[in-house]
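Undergrad: Contents of protein_7.cif (mmCIF, C-alpha atoms, pLDDT in the B column; chains and numbers go by the auth columns) are below:
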```
data_coords
loop_
_atom_site.group_PDB
_atom_site.id
_atom_site.type_symbol
_atom_site.label_atom_id
_atom_site.label_comp_id
_atom_site.label_asym_id
_atom_site.label_seq_id
_atom_site.Cartn_x
_atom_site.Cartn_y
_atom_site.Cartn_z
_atom_site.B_iso_or_equiv
_atom_site.auth_seq_id
_atom_site.auth_asym_id
ATOM 1 C CA MET A 1 0.000 0.000 0.000 91.00 1 A
ATOM 2 C CA VAL A 2 2.610 2.568 1.115 93.00 2 A
ATOM 3 C CA ARG A 3 5.213 3.305 -1.531 92.00 3 A
ATOM 4 C CA GLU A 4 8.083 5.687 -2.231 95.00 4 A
ATOM 5 C CA GLU A 5 5.891 8.295 -3.931 96.00 5 A
ATOM 6 C CA HIS A 6 3.707 8.621 -0.827 97.00 6 A
ATOM 7 C CA PHE A 7 6.652 10.177 1.069 97.00 7 A
ATOM 8 C CA THR A 8 7.327 12.907 -1.488 96.00 8 A
ATOM 9 C CA GLY A 9 7.959 16.204 0.294 97.00 9 A
ATOM 10 C CA LEU A 10 8.002 14.631 3.761 97.00 10 A
ATOM 11 C CA THR A 11 10.865 14.437 6.248 97.00 11 A
ATOM 12 C CA CYS A 12 11.102 10.651 5.992 96.00 12 A
ATOM 13 C CA ARG A 13 12.233 9.085 2.759 95.00 13 A
ATOM 14 C CA PHE A 14 11.311 5.685 1.380 93.00 14 A
ATOM 15 C CA ALA A 15 14.644 4.503 -0.009 87.00 15 A
ATOM 16 C CA ALA A 16 15.662 1.027 -1.179 88.00 16 A
ATOM 17 C CA GLY A 17 12.331 -0.378 -0.023 92.00 17 A
ATOM 18 C CA GLY A 18 12.352 0.998 3.502 96.00 18 A
ATOM 19 C CA LEU A 19 12.067 4.093 5.660 97.00 19 A
ATOM 20 C CA ALA A 20 15.077 6.384 5.882 96.00 20 A
ATOM 21 C CA PHE A 21 15.494 9.355 8.211 98.00 21 A
ATOM 22 C CA SER A 22 18.436 11.559 9.159 98.00 22 A
ATOM 23 C CA GLU A 23 17.834 14.950 10.764 98.00 23 A
ATOM 24 C CA TRP A 24 19.453 17.366 13.198 98.00 24 A
ATOM 25 C CA ILE A 25 17.306 18.325 16.192 97.00 25 A
ATOM 26 C CA GLY A 26 18.338 21.516 17.968 94.00 26 A
ATOM 27 C CA ALA A 27 16.968 24.567 19.733 92.00 27 A
ATOM 28 C CA ALA A 28 14.767 25.734 16.845 91.00 28 A
ATOM 29 C CA GLU A 29 13.173 22.310 16.380 92.00 29 A
ATOM 30 C CA ARG A 30 12.522 21.873 20.104 91.00 30 A
ATOM 31 C CA GLU A 31 10.959 25.327 20.379 87.00 31 A
ATOM 32 C CA ALA A 32 8.719 24.733 17.346 87.00 32 A
ATOM 33 C CA GLU A 33 7.563 21.250 18.318 85.00 33 A
ATOM 34 C CA CYS A 34 7.362 21.184 22.130 80.00 34 A
ATOM 35 C CA LEU A 35 4.649 23.796 22.501 62.00 35 A
ATOM 36 C CA ASP A 36 2.971 22.120 25.458 69.00 36 A
ATOM 37 C CA LEU A 37 5.839 23.197 27.737 65.00 37 A
ATOM 38 C CA GLY A 38 4.089 26.534 28.268 56.00 38 A
ATOM 39 C CA ASP A 39 0.979 28.563 27.556 55.00 39 A
ATOM 40 C CA THR A 40 2.825 31.064 25.344 65.00 40 A
ATOM 41 C CA PHE A 41 5.805 31.002 22.983 64.00 41 A
ATOM 42 C CA GLY A 42 7.685 33.037 25.573 73.00 42 A
ATOM 43 C CA GLU A 43 7.075 30.461 28.277 70.00 43 A
ATOM 44 C CA VAL A 44 8.180 27.647 25.979 66.00 44 A
ATOM 45 C CA ALA A 45 11.382 29.510 25.110 74.00 45 A
ATOM 46 C CA GLU A 46 12.067 30.162 28.804 77.00 46 A
ATOM 47 C CA ARG A 47 11.625 26.485 29.691 80.00 47 A
ATOM 48 C CA LEU A 48 13.994 25.474 26.905 80.00 48 A
ATOM 49 C CA LYS A 49 16.574 28.181 27.633 85.00 49 A
ATOM 50 C CA PRO A 50 18.890 25.972 29.779 84.00 50 A
ATOM 51 C CA ILE A 51 19.576 23.676 26.805 90.00 51 A
ATOM 52 C CA ALA A 52 19.247 26.238 24.001 90.00 52 A
ATOM 53 C CA SER A 53 23.018 26.578 23.544 93.00 53 A
ATOM 54 C CA ARG A 54 23.666 22.845 23.496 94.00 54 A
ATOM 55 C CA ALA A 55 24.687 21.520 20.075 95.00 55 A
ATOM 56 C CA PRO A 56 22.002 19.676 18.050 97.00 56 A
ATOM 57 C CA LEU A 57 21.511 15.932 18.138 98.00 57 A
ATOM 58 C CA GLN A 58 21.733 14.062 14.857 98.00 58 A
ATOM 59 C CA VAL A 59 19.014 11.423 14.725 98.00 59 A
ATOM 60 C CA VAL A 60 19.306 8.574 12.217 98.00 60 A
ATOM 61 C CA VAL A 61 17.009 5.618 11.616 98.00 61 A
ATOM 62 C CA ASN A 62 18.752 2.254 11.225 97.00 62 A
ATOM 63 C CA PRO A 63 22.201 3.813 10.626 97.00 63 A
ATOM 64 C CA ARG A 64 24.897 2.137 8.553 96.00 64 A
ATOM 65 C CA GLU A 65 27.206 2.382 11.553 97.00 65 A
ATOM 66 C CA PRO A 66 27.325 1.328 14.274 98.00 66 A
ATOM 67 C CA SER A 67 25.822 -2.103 13.702 97.00 67 A
ATOM 68 C CA VAL A 68 23.235 -3.316 16.186 97.00 68 A
ATOM 69 C CA SER A 69 25.816 -5.481 17.942 97.00 69 A
ATOM 70 C CA GLU A 70 28.260 -2.568 18.188 97.00 70 A
ATOM 71 C CA LEU A 71 25.531 -0.223 19.410 98.00 71 A
ATOM 72 C CA ARG A 72 24.587 -2.763 22.061 97.00 72 A
ATOM 73 C CA ARG A 73 28.250 -2.986 23.149 97.00 73 A
ATOM 74 C CA ILE A 74 28.597 0.823 23.357 97.00 74 A
ATOM 75 C CA LEU A 75 25.433 1.177 25.420 97.00 75 A
ATOM 76 C CA ARG A 76 26.268 -1.647 27.806 97.00 76 A
ATOM 77 C CA ALA A 77 29.795 -0.316 28.326 97.00 77 A
ATOM 78 C CA GLY A 78 28.510 3.198 29.010 97.00 78 A
ATOM 79 C CA GLN A 79 25.890 1.940 31.424 97.00 79 A
ATOM 80 C CA LYS A 80 28.407 -0.225 33.277 96.00 80 A
ATOM 81 C CA ALA A 81 30.898 2.629 33.546 96.00 81 A
ATOM 82 C CA ASP A 82 28.516 5.300 34.819 95.00 82 A
ATOM 83 C CA LEU A 83 25.559 3.505 36.411 95.00 83 A
ATOM 84 C CA PRO A 84 26.483 -0.153 36.934 94.00 84 A
ATOM 85 C CA ARG A 85 23.481 -0.933 39.155 94.00 85 A
ATOM 86 C CA GLU A 86 20.915 0.371 36.677 93.00 86 A
ATOM 87 C CA ALA A 87 18.327 -2.349 36.045 90.00 87 A
ATOM 88 C CA ILE A 88 17.278 -1.225 32.560 90.00 88 A
ATOM 89 C CA ALA A 89 18.083 -3.692 29.767 92.00 89 A
ATOM 90 C CA VAL A 90 19.678 -1.377 27.221 93.00 90 A
ATOM 91 C CA ASP A 91 18.851 -3.686 24.314 91.00 91 A
ATOM 92 C CA HIS A 92 15.117 -4.041 25.005 89.00 92 A
ATOM 93 C CA GLY A 93 14.327 -2.121 21.804 89.00 93 A
ATOM 94 C CA LEU A 94 17.027 -3.757 19.681 93.00 94 A
ATOM 95 C CA GLY A 95 16.777 -6.828 17.498 91.00 95 A
ATOM 96 C CA ARG A 96 19.639 -8.867 16.119 93.00 96 A
ATOM 97 C CA ARG A 97 20.029 -6.532 13.153 96.00 97 A
ATOM 98 C CA TYR A 98 18.453 -3.482 11.561 97.00 98 A
ATOM 99 C CA ILE A 99 15.407 -4.220 9.433 96.00 99 A
ATOM 100 C CA ARG A 100 15.862 -1.950 6.438 95.00 100 A
ATOM 101 C CA ARG A 101 12.815 -2.902 4.381 95.00 101 A
ATOM 102 C CA TRP A 102 9.151 -2.064 4.765 96.00 102 A
ATOM 103 C CA GLY A 103 7.657 -5.557 5.033 92.00 103 A
ATOM 104 C CA VAL A 104 4.237 -6.850 4.061 85.00 104 A
ATOM 105 C CA GLU A 105 2.332 -9.637 5.787 74.00 105 A
ATOM 106 C CA PRO A 106 -0.012 -11.859 3.722 65.00 106 A
ATOM 107 C CA PRO A 107 -3.605 -10.542 3.651 60.00 107 A
ATOM 108 C CA SER A 108 -5.939 -12.211 6.166 63.00 108 A
ATOM 109 C CA GLY A 109 -8.769 -9.769 6.719 67.00 109 A
ATOM 110 C CA VAL A 110 -6.278 -7.333 8.239 81.00 110 A
ATOM 111 C CA TYR A 111 -3.473 -6.504 5.837 90.00 111 A
ATOM 112 C CA ALA A 112 -0.392 -5.329 7.754 93.00 112 A
ATOM 113 C CA GLU A 113 2.766 -3.730 6.466 95.00 113 A
ATOM 114 C CA GLY A 114 5.492 -1.911 8.332 96.00 114 A
ATOM 115 C CA GLN A 115 9.024 -1.796 9.675 96.00 115 A
ATOM 116 C CA PRO A 116 10.869 -1.924 13.025 96.00 116 A
ATOM 117 C CA LEU A 117 13.035 1.173 13.496 97.00 117 A
ATOM 118 C CA VAL A 118 16.068 1.841 15.663 97.00 118 A
ATOM 119 C CA VAL A 119 16.213 5.621 16.021 98.00 119 A
ATOM 120 C CA VAL A 120 19.804 6.381 17.032 98.00 120 A
ATOM 121 C CA GLY A 121 21.031 9.718 18.389 98.00 121 A
ATOM 122 C CA PHE A 122 24.571 10.931 17.655 98.00 122 A
ATOM 123 C CA PHE A 123 26.162 13.752 19.649 97.00 123 A
ATOM 124 C CA ASP A 124 29.485 14.986 18.321 95.00 124 A
ATOM 125 C CA GLY A 125 29.517 11.900 16.093 95.00 125 A
ATOM 126 C CA VAL A 126 29.117 9.440 18.977 97.00 126 A
ATOM 127 C CA PRO A 127 25.944 7.375 19.646 98.00 127 A
ATOM 128 C CA ILE A 128 24.480 8.365 23.019 98.00 128 A
ATOM 129 C CA GLY A 129 21.160 6.526 22.932 97.00 129 A
ATOM 130 C CA TYR A 130 18.263 5.322 20.846 97.00 130 A
ATOM 131 C CA VAL A 131 14.543 4.768 20.617 96.00 131 A
ATOM 132 C CA GLY A 132 13.153 1.402 19.545 95.00 132 A
ATOM 133 C CA MET A 133 9.907 1.833 17.644 95.00 133 A
ATOM 134 C CA GLN A 134 7.828 0.167 14.965 95.00 134 A
ATOM 135 C CA MET A 135 5.585 1.774 12.373 97.00 135 A
ATOM 136 C CA VAL A 136 2.759 -0.294 10.898 96.00 136 A
ATOM 137 C CA ALA A 137 -0.043 0.434 8.451 96.00 137 A
ATOM 138 C CA LEU A 138 -3.098 -1.798 8.942 95.00 138 A
ATOM 139 C CA ARG A 139 -5.625 -2.104 6.133 94.00 139 A
ATOM 140 C CA ILE A 140 -8.887 -3.457 7.558 93.00 140 A
ATOM 141 C CA SER A 141 -11.102 -4.264 4.601 91.00 141 A
ATOM 142 C CA ASP A 142 -14.228 -5.183 6.594 92.00 142 A
ATOM 143 C CA LEU A 143 -14.230 -1.753 8.221 94.00 143 A
ATOM 144 C CA ARG A 144 -12.961 0.109 5.160 96.00 144 A
ATOM 145 C CA GLN A 145 -10.312 1.546 7.447 97.00 145 A
ATOM 146 C CA VAL A 146 -6.562 2.128 7.507 97.00 146 A
ATOM 147 C CA THR A 147 -4.845 2.443 10.887 97.00 147 A
ATOM 148 C CA ALA A 148 -1.383 3.982 11.280 97.00 148 A
ATOM 149 C CA LEU A 149 0.107 2.196 14.281 96.00 149 A
ATOM 150 C CA CYS A 150 3.155 3.396 16.214 97.00 150 A
ATOM 151 C CA LYS A 151 4.678 1.028 18.776 95.00 151 A
ATOM 152 C CA LEU A 152 7.301 2.505 21.125 94.00 152 A
ATOM 153 C CA ALA A 153 9.521 -0.099 22.782 90.00 153 A
ATOM 154 C CA LEU A 154 12.207 1.798 24.715 88.00 154 A
ATOM 155 C CA ILE A 155 14.026 5.107 24.871 92.00 155 A
ATOM 156 C CA TYR A 156 17.507 4.832 26.321 94.00 156 A
ATOM 157 C CA VAL A 157 20.019 7.634 26.835 95.00 157 A
ATOM 158 C CA LEU A 158 23.417 6.842 28.342 97.00 158 A
ATOM 159 C CA PRO A 159 23.675 8.028 31.985 96.00 159 A
ATOM 160 C CA ARG A 160 26.392 10.605 31.352 96.00 160 A
ATOM 161 C CA TRP A 161 24.187 12.395 28.780 96.00 161 A
ATOM 162 C CA ARG A 162 20.992 12.601 30.800 94.00 162 A
ATOM 163 C CA GLY A 163 19.489 15.865 31.992 92.00 163 A
ATOM 164 C CA GLN A 164 20.492 17.723 28.832 93.00 164 A
ATOM 165 C CA GLY A 165 17.241 17.475 26.889 93.00 165 A
ATOM 166 C CA PHE A 166 18.207 14.624 24.580 95.00 166 A
ATOM 167 C CA SER A 167 14.992 12.717 25.252 93.00 167 A
ATOM 168 C CA MET A 168 13.166 15.810 24.001 93.00 168 A
ATOM 169 C CA ASP A 169 15.189 15.682 20.781 95.00 169 A
ATOM 170 C CA PHE A 170 14.271 12.019 20.368 96.00 170 A
ATOM 171 C CA SER A 171 10.614 12.862 20.952 94.00 171 A
ATOM 172 C CA VAL A 172 10.671 15.443 18.150 96.00 172 A
ATOM 173 C CA ALA A 173 12.338 13.029 15.713 97.00 173 A
ATOM 174 C CA CYS A 174 10.001 10.139 16.522 96.00 174 A
ATOM 175 C CA SER A 175 7.000 12.443 16.211 96.00 175 A
ATOM 176 C CA TRP A 176 8.122 13.508 12.735 97.00 176 A
ATOM 177 C CA ILE A 177 8.542 9.872 11.680 98.00 177 A
ATOM 178 C CA ALA A 178 5.100 8.856 12.983 98.00 178 A
ATOM 179 C CA GLN A 179 3.457 11.888 11.398 98.00 179 A
ATOM 180 C CA ASP A 180 5.008 11.088 8.032 98.00 180 A
ATOM 181 C CA VAL A 181 3.702 7.513 8.118 98.00 181 A
ATOM 182 C CA VAL A 182 0.243 8.929 8.891 98.00 182 A
ATOM 183 C CA SER A 183 0.539 11.209 5.854 98.00 183 A
ATOM 184 C CA ALA A 184 1.810 8.398 3.634 98.00 184 A
ATOM 185 C CA ALA A 185 -1.074 6.146 4.688 98.00 185 A
ATOM 186 C CA TYR A 186 -3.510 8.978 3.924 98.00 186 A
ATOM 187 C CA ARG A 187 -2.060 9.354 0.436 98.00 187 A
ATOM 188 C CA ALA A 188 -2.036 5.607 -0.248 97.00 188 A
ATOM 189 C CA MET A 189 -5.402 4.479 1.138 97.00 189 A
ATOM 190 C CA PRO A 190 -8.510 3.847 -0.980 96.00 190 A
ATOM 191 C CA ALA A 191 -11.017 6.638 -1.505 97.00 191 A
ATOM 192 C CA GLY A 192 -14.003 6.606 0.838 97.00 192 A
ATOM 193 C CA TRP A 193 -12.153 4.811 3.654 98.00 193 A
ATOM 194 C CA ARG A 194 -11.428 5.993 7.208 98.00 194 A
ATOM 195 C CA LEU A 195 -7.971 6.834 8.588 98.00 195 A
ATOM 196 C CA GLU A 196 -7.217 6.242 12.275 98.00 196 A
ATOM 197 C CA ALA A 197 -4.016 6.179 14.347 98.00 197 A
ATOM 198 C CA VAL A 198 -2.935 4.194 17.404 97.00 198 A
ATOM 199 C CA LEU A 199 0.073 4.630 19.682 96.00 199 A
ATOM 200 C CA THR A 200 1.173 1.936 22.133 95.00 200 A
ATOM 201 C CA ALA A 201 3.875 2.230 24.793 90.00 201 A
ATOM 202 C CA ASP A 202 4.775 1.002 28.266 82.00 202 A
ATOM 203 C CA TYR A 203 6.230 3.812 30.375 71.00 203 A
ATOM 204 C CA GLU A 204 9.332 3.046 32.416 70.00 204 A
ATOM 205 C CA SER A 205 10.350 6.639 33.125 71.00 205 A
ATOM 206 C CA GLU A 206 9.199 10.244 32.839 72.00 206 A
ATOM 207 C CA GLY A 207 11.440 10.596 29.803 72.00 207 A
ATOM 208 C CA GLY A 208 9.723 7.684 28.105 79.00 208 A
ATOM 209 C CA GLU A 209 6.332 9.121 28.938 85.00 209 A
ATOM 210 C CA ARG A 210 7.361 12.454 27.470 84.00 210 A
ATOM 211 C CA VAL A 211 8.434 10.832 24.195 87.00 211 A
ATOM 212 C CA ALA A 212 5.190 8.875 23.898 91.00 212 A
ATOM 213 C CA LEU A 213 3.031 11.920 24.579 90.00 213 A
ATOM 214 C CA GLN A 214 4.963 14.007 22.062 91.00 214 A
ATOM 215 C CA VAL A 215 4.547 11.322 19.398 94.00 215 A
ATOM 216 C CA GLY A 216 0.839 10.925 20.133 95.00 216 A
ATOM 217 C CA GLU A 217 0.288 14.683 20.019 94.00 217 A
ATOM 218 C CA GLY A 218 2.210 14.892 16.762 95.00 218 A
ATOM 219 C CA MET A 219 0.095 12.175 15.163 97.00 219 A
ATOM 220 C CA GLN A 220 -3.067 13.937 16.303 97.00 220 A
ATOM 221 C CA TYR A 221 -1.801 17.227 14.893 96.00 221 A
ATOM 222 C CA ARG A 222 -1.117 15.649 11.510 97.00 222 A
ATOM 223 C CA LEU A 223 -4.577 14.065 11.448 98.00 223 A
ATOM 224 C CA ASP A 224 -6.138 17.432 12.283 97.00 224 A
ATOM 225 C CA VAL A 225 -4.254 19.090 9.427 97.00 225 A
ATOM 226 C CA LEU A 226 -5.324 16.380 6.986 98.00 226 A
ATOM 227 C CA ARG A 227 -8.933 16.654 8.141 97.00 227 A
ATOM 228 C CA GLU A 228 -8.997 20.424 7.700 97.00 228 A
ATOM 229 C CA SER A 229 -6.885 20.945 4.593 96.00 229 A
ATOM 230 C CA GLY A 230 -6.039 17.549 3.120 96.00 230 A
ATOM 231 C CA PRO A 231 -6.780 17.238 -0.608 96.00 231 A
ATOM 232 C CA ARG A 232 -8.596 13.875 -0.337 97.00 232 A
ATOM 233 C CA LYS A 233 -12.078 14.968 0.704 95.00 233 A
ATOM 234 C CA SER A 234 -13.490 11.456 0.346 97.00 234 A
ATOM 235 C CA VAL A 235 -11.201 10.139 3.104 98.00 235 A
ATOM 236 C CA ILE A 236 -12.675 10.226 6.615 98.00 236 A
ATOM 237 C CA VAL A 237 -9.996 11.280 9.089 98.00 237 A
ATOM 238 C CA GLY A 238 -10.353 10.114 12.684 97.00 238 A
ATOM 239 C CA GLY A 239 -8.123 10.558 15.730 97.00 239 A
ATOM 240 C CA VAL A 240 -5.393 8.923 17.819 97.00 240 A
ATOM 241 C CA GLU A 241 -6.035 6.158 20.331 96.00 241 A
ATOM 242 C CA MET A 242 -3.393 6.042 23.071 92.00 242 A
ATOM 243 C CA ASP A 243 -2.675 2.700 24.714 88.00 243 A
ATOM 244 C CA ALA A 244 0.147 3.715 27.012 80.00 244 A
ATOM 245 C CA GLY A 245 0.911 3.822 30.711 73.00 245 A
ATOM 246 C CA TYR A 246 3.036 2.544 33.562 59.00 246 A
#
```
Let me see the file written as structure tokens.
TA:
Amino acid sequence: MVREEHFTGLTCRFAAGGLAFSEWIGAAEREAECLDLGDTFGEVAERLKPIASRAPLQVVVNPREPSVSELRRILRAGQKADLPREAIAVDHGLGRRYIRRWGVEPPSGVYAEGQPLVVVGFFDGVPIGYVGMQMVALRISDLRQVTALCKLALIYVLPRWRGQGFSMDFSVACSWIAQDVVSAAYRAMPAGWRLEAVLTADYESEGGERVALQVGEGMQYRLDVLRESGPRKSVIVGGVEMDAGY
């Protein structure tokens, strides 16, 4: 259903059969996207001021380097060095390798296609953490509905880099990715059908909760824009269902 042409003009690309994403997230992006930090733009800017001068984070989906095994080694070594008693399994959101293709499951009433993503953050060229997530498009023929599903597995930032707003940068990047899949599904789905979105996550920390809420709000924003000004008037645009909590 979702193809390369459905990502034209979006932040994500659909390259070599799979999602590709590489962006820098800095002060301007945080200020534009994290509007719920205050009631006014001035309040948002004031809340973000302590990290405004910090260099941007480069966020890359399924990077060429490091490999998953090397990323796992870097994270485990950093955790052991700085917070050896931390109980978090750093590889909870990692598989054995990066899945670089958007896969399709055989139709069975619910047609599912999607891709697991490892969203890696690089600061000064060094990986400092990641988000494990999966984007899925569900085509439910009986309901004449397409559901854009975002599954968040884990956000992990190395202990020495915490408290500097990096989880906020990850939240912006993951929100952009989820929003783009919503837009691609909207462009690809049959006329006269309904578009919905679902976000699932299990919170393990306030940082993880923040990422999930930012992604859910971003998906809702994109749906609102499509409902109000999207060119496909025959498509019924719904909302976001959140299935997340501690």
Undergrad: Can you pull out every residue within 7 Å of segment 115-132 of chain A, counting all atoms listed in the file, but drop anything in the same chain fewer than 4 positions away, and send it as JSON, numbers by chain?
TA: {"A": [57, 58, 59, 60, 61, 62, 93, 94, 99, 101, 102, 103, 136, 152, 153, 154, 155, 156, 157, 158]}
Undergrad: Wanna dump the segment 126-216 of chain A-segment 110-113 of chain A contacts at 8 Å for me, each residue with its shortest atom pair and the distance in Å to one decimal, counting all atoms listed in the file, ordered by chain and number, as a Markdown table?
TA:
```
| residue | atom | partner | partner_atom | distance |
| --- | --- | --- | --- | --- |
| A:Val136 | CA | A:Glu113 | CA | 5.6 |
| A:Ala137 | CA | A:Glu113 | CA | 5.4 |
| A:Leu138 | CA | A:Ala112 | CA | 4.6 |
| A:Arg139 | CA | A:Tyr111 | CA | 4.9 |
| A:Ile140 | CA | A:Val110 | CA | 4.7 |
| A:Ser141 | CA | A:Val110 | CA | 6.8 |
```
Undergrad: Emit the selected residues as a compact mmCIF listing (two decimals), keeping the file's coordinate frame, including C-alpha atoms.
TA:
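Here's the written file part-v9.txt:
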```txt
# COMPACT_ATOMS: atom_id res chain seq x y z
CA VAL A 136 2.76 -0.29 10.90
CA ALA A 137 -0.04 0.43 8.45
CA LEU A 138 -3.10 -1.80 8.94
CA ARG A 139 -5.62 -2.10 6.13
CA ILE A 140 -8.89 -3.46 7.56
CA SER A 141 -11.10 -4.26 4.60
```
Undergrad: Evaluate the PyMOL selection byres ((chain A and resi 50-56) around 7) and record the selected residues as a ChimeraX atom specification, following the chain and residue labels used in the document.
TA: /A:24-27,48-49,57-58,164-165
Undergrad: List the neighbours of Arg160 of chain A out to 9 Å using all atoms listed in the file; skip same-chain residues closer than 6 positions along the sequence, and give me the result as a PDB file with C-alpha atoms, in the coordinates of the input.
TA:
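out05.pdb was written with the following content:
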```pdb
ATOM      1  CA  GLY A  78      28.510   3.198  29.010  1.00 97.00           C
ATOM      2  CA  GLN A  79      25.890   1.940  31.424  1.00 97.00           C
ATOM      3  CA  ASP A  82      28.516   5.300  34.819  1.00 95.00           C
ATOM      4  CA  LEU A  83      25.559   3.505  36.411  1.00 95.00           C
ATOM      5  CA  ILE A 128      24.480   8.365  23.019  1.00 98.00           C
TER       6      ILE A 128
END
```
Undergrad: Take the PyMOL selection byres ((chain A and resi 232-240) around 12), apply it to the structure above, and return the hits as a PyMOL selection string.
TA: chain A and resi 144-150+178-179+182-183+185-200+213+215-231+241-244
Undergrad: Might you pull out every residue within 8 Å of Glu4 of chain A, with all atoms listed in the file counted and same-chain residues fewer than 3 positions away left off, and present them as a PyMOL selection string?
TA: chain A and resi 7-8+13-15+17
Undergrad: Kindly list the centre and edge lengths in Å, rounded to one decimal, for the axis-aligned box that covers all listed atoms of segment 198-209 of chain A plus 3 Å on each of its six sides, as lines of an AutoDock Vina configuration file.
TA:
```
center_x = 4.3
center_y = 5.8
center_z = 25.3
size_x = 20.4
size_y = 15.6
size_z = 21.7
```
Undergrad: Starting from the shown file, work through the PyMOL selection byres ((chain A and resi 68-72) around 9) and note down what comes out as a list in words.
TA: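 With the PyMOL selection byres ((chain A and resi 68-72) around 9) on this model, the match is Asn62, Glu65, Pro66, Ser67, Arg73, Ile74, Leu75, Arg76, Ala77, Val90, Asp91, Leu94, Gly95, Arg96, Arg97, Tyr98, Val118, Pro127 and Gly129 of chain A.
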Undergrad: Using atom CA of Cys174 of chain A and atom CA of Pro63 of chain A as the two end points, give the distance in Å to one decimal.
TA: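 Computing the Euclidean distance for atom CA of Cys174 of chain A and atom CA of Pro63 of chain A yields 15.0 Å.
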Undergrad: Could you tell me how far atom CA of Glu105 of chain A sits from atom CA of Ala16 of chain A, in Å to one decimal place?
TA: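 If I compute the distance from atom CA of Ala16 of chain A to atom CA of Glu105 of chain A, I get 18.4 Å.
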Undergrad: Could you tell me how far atom CA of Arg47 of chain A lies from atom CA of Glu33 of chain A, in Å and to one decimal?
TA: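 Straight-line distance from atom CA of Arg47 of chain A to atom CA of Glu33 of chain A works out to 13.2 Å.
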Undergrad: Between A:Glu5, A:Ala184, A:Glu206, A:Ala173, which has the minimum distance to Glu23 of chain A (counting all atoms listed in the file)?
TA: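 Going through A:Glu5, A:Ala184, A:Glu206, A:Ala173 one by one, the smallest distance to Glu23 of chain A is for A:Ala173.
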Undergrad: With all atoms listed in the file as the atoms that count, which of A:Cys34, A:Met1, A:Leu10, A:Leu19 lies nearest to Val211 of chain A?
TA: A:Cys34
Undergrad: Determine, counting all atoms listed in the file, every residue of protein, DNA or RNA that lies within 8 Å of (8.6, 13.5, 25.3) in the file coordinates, then give the result as a CSV table (one decimal) with C-alpha atoms, in the coordinates of the input.
TA:
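Okay, selection.csv is ready:
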```
chain,number,residue,atom,x,y,z
A,167,SER,CA,15.0,12.7,25.3
A,168,MET,CA,13.2,15.8,24.0
A,170,PHE,CA,14.3,12.0,20.4
A,171,SER,CA,10.6,12.9,21.0
A,172,VAL,CA,10.7,15.4,18.2
A,207,GLY,CA,11.4,10.6,29.8
A,208,GLY,CA,9.7,7.7,28.1
A,209,GLU,CA,6.3,9.1,28.9
A,210,ARG,CA,7.4,12.5,27.5
A,211,VAL,CA,8.4,10.8,24.2
A,212,ALA,CA,5.2,8.9,23.9
A,213,LEU,CA,3.0,11.9,24.6
A,214,GLN,CA,5.0,14.0,22.1
A,215,VAL,CA,4.5,11.3,19.4
```
Undergrad: Kindly add N, CA and C atoms to the incomplete segment 68-79 of chain A and provide the output as a JSON list (two decimals), keeping the file's coordinate frame.
TA:
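Wrote it out as part15.json, contents follow:
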```
[["chain", "number", "residue", "atom", "x", "y", "z"],
["A", 68, "VAL", "N", 24.01, -3.08, 14.97],
["A", 68, "VAL", "CA", 23.24, -3.32, 16.19],
["A", 68, "VAL", "C", 24.12, -3.92, 17.28],
["A", 69, "SER", "N", 24.96, -4.87, 16.93],
["A", 69, "SER", "CA", 25.82, -5.48, 17.94],
["A", 69, "SER", "C", 26.81, -4.48, 18.52],
["A", 70, "GLU", "N", 27.33, -3.58, 17.69],
["A", 70, "GLU", "CA", 28.26, -2.57, 18.19],
["A", 70, "GLU", "C", 27.53, -1.53, 19.03],
["A", 71, "LEU", "N", 26.32, -1.15, 18.62],
["A", 71, "LEU", "CA", 25.53, -0.22, 19.41],
["A", 71, "LEU", "C", 25.22, -0.83, 20.77],
["A", 72, "ARG", "N", 24.86, -2.09, 20.79],
["A", 72, "ARG", "CA", 24.59, -2.76, 22.06],
["A", 72, "ARG", "C", 25.84, -2.73, 22.96],
["A", 73, "ARG", "N", 27.00, -2.99, 22.37],
["A", 73, "ARG", "CA", 28.25, -2.99, 23.15],
["A", 73, "ARG", "C", 28.53, -1.60, 23.72],
["A", 74, "ILE", "N", 28.35, -0.55, 22.91],
["A", 74, "ILE", "CA", 28.60, 0.82, 23.36],
["A", 74, "ILE", "C", 27.67, 1.18, 24.52],
["A", 75, "LEU", "N", 26.40, 0.83, 24.38],
["A", 75, "LEU", "CA", 25.43, 1.18, 25.42],
["A", 75, "LEU", "C", 25.70, 0.42, 26.72],
["A", 76, "ARG", "N", 26.00, -0.86, 26.61],
["A", 76, "ARG", "CA", 26.27, -1.65, 27.81],
["A", 76, "ARG", "C", 27.52, -1.15, 28.52],
["A", 77, "ALA", "N", 28.55, -0.81, 27.73],
["A", 77, "ALA", "CA", 29.80, -0.32, 28.33],
["A", 77, "ALA", "C", 29.57, 1.02, 29.02],
["A", 78, "GLY", "N", 28.80, 1.91, 28.40],
["A", 78, "GLY", "CA", 28.51, 3.20, 29.01],
["A", 78, "GLY", "C", 27.68, 3.07, 30.26],
["A", 79, "GLN", "N", 26.71, 2.17, 30.24],
["A", 79, "GLN", "CA", 25.89, 1.94, 31.42],
["A", 79, "GLN", "C", 26.73, 1.37, 32.56]]
```
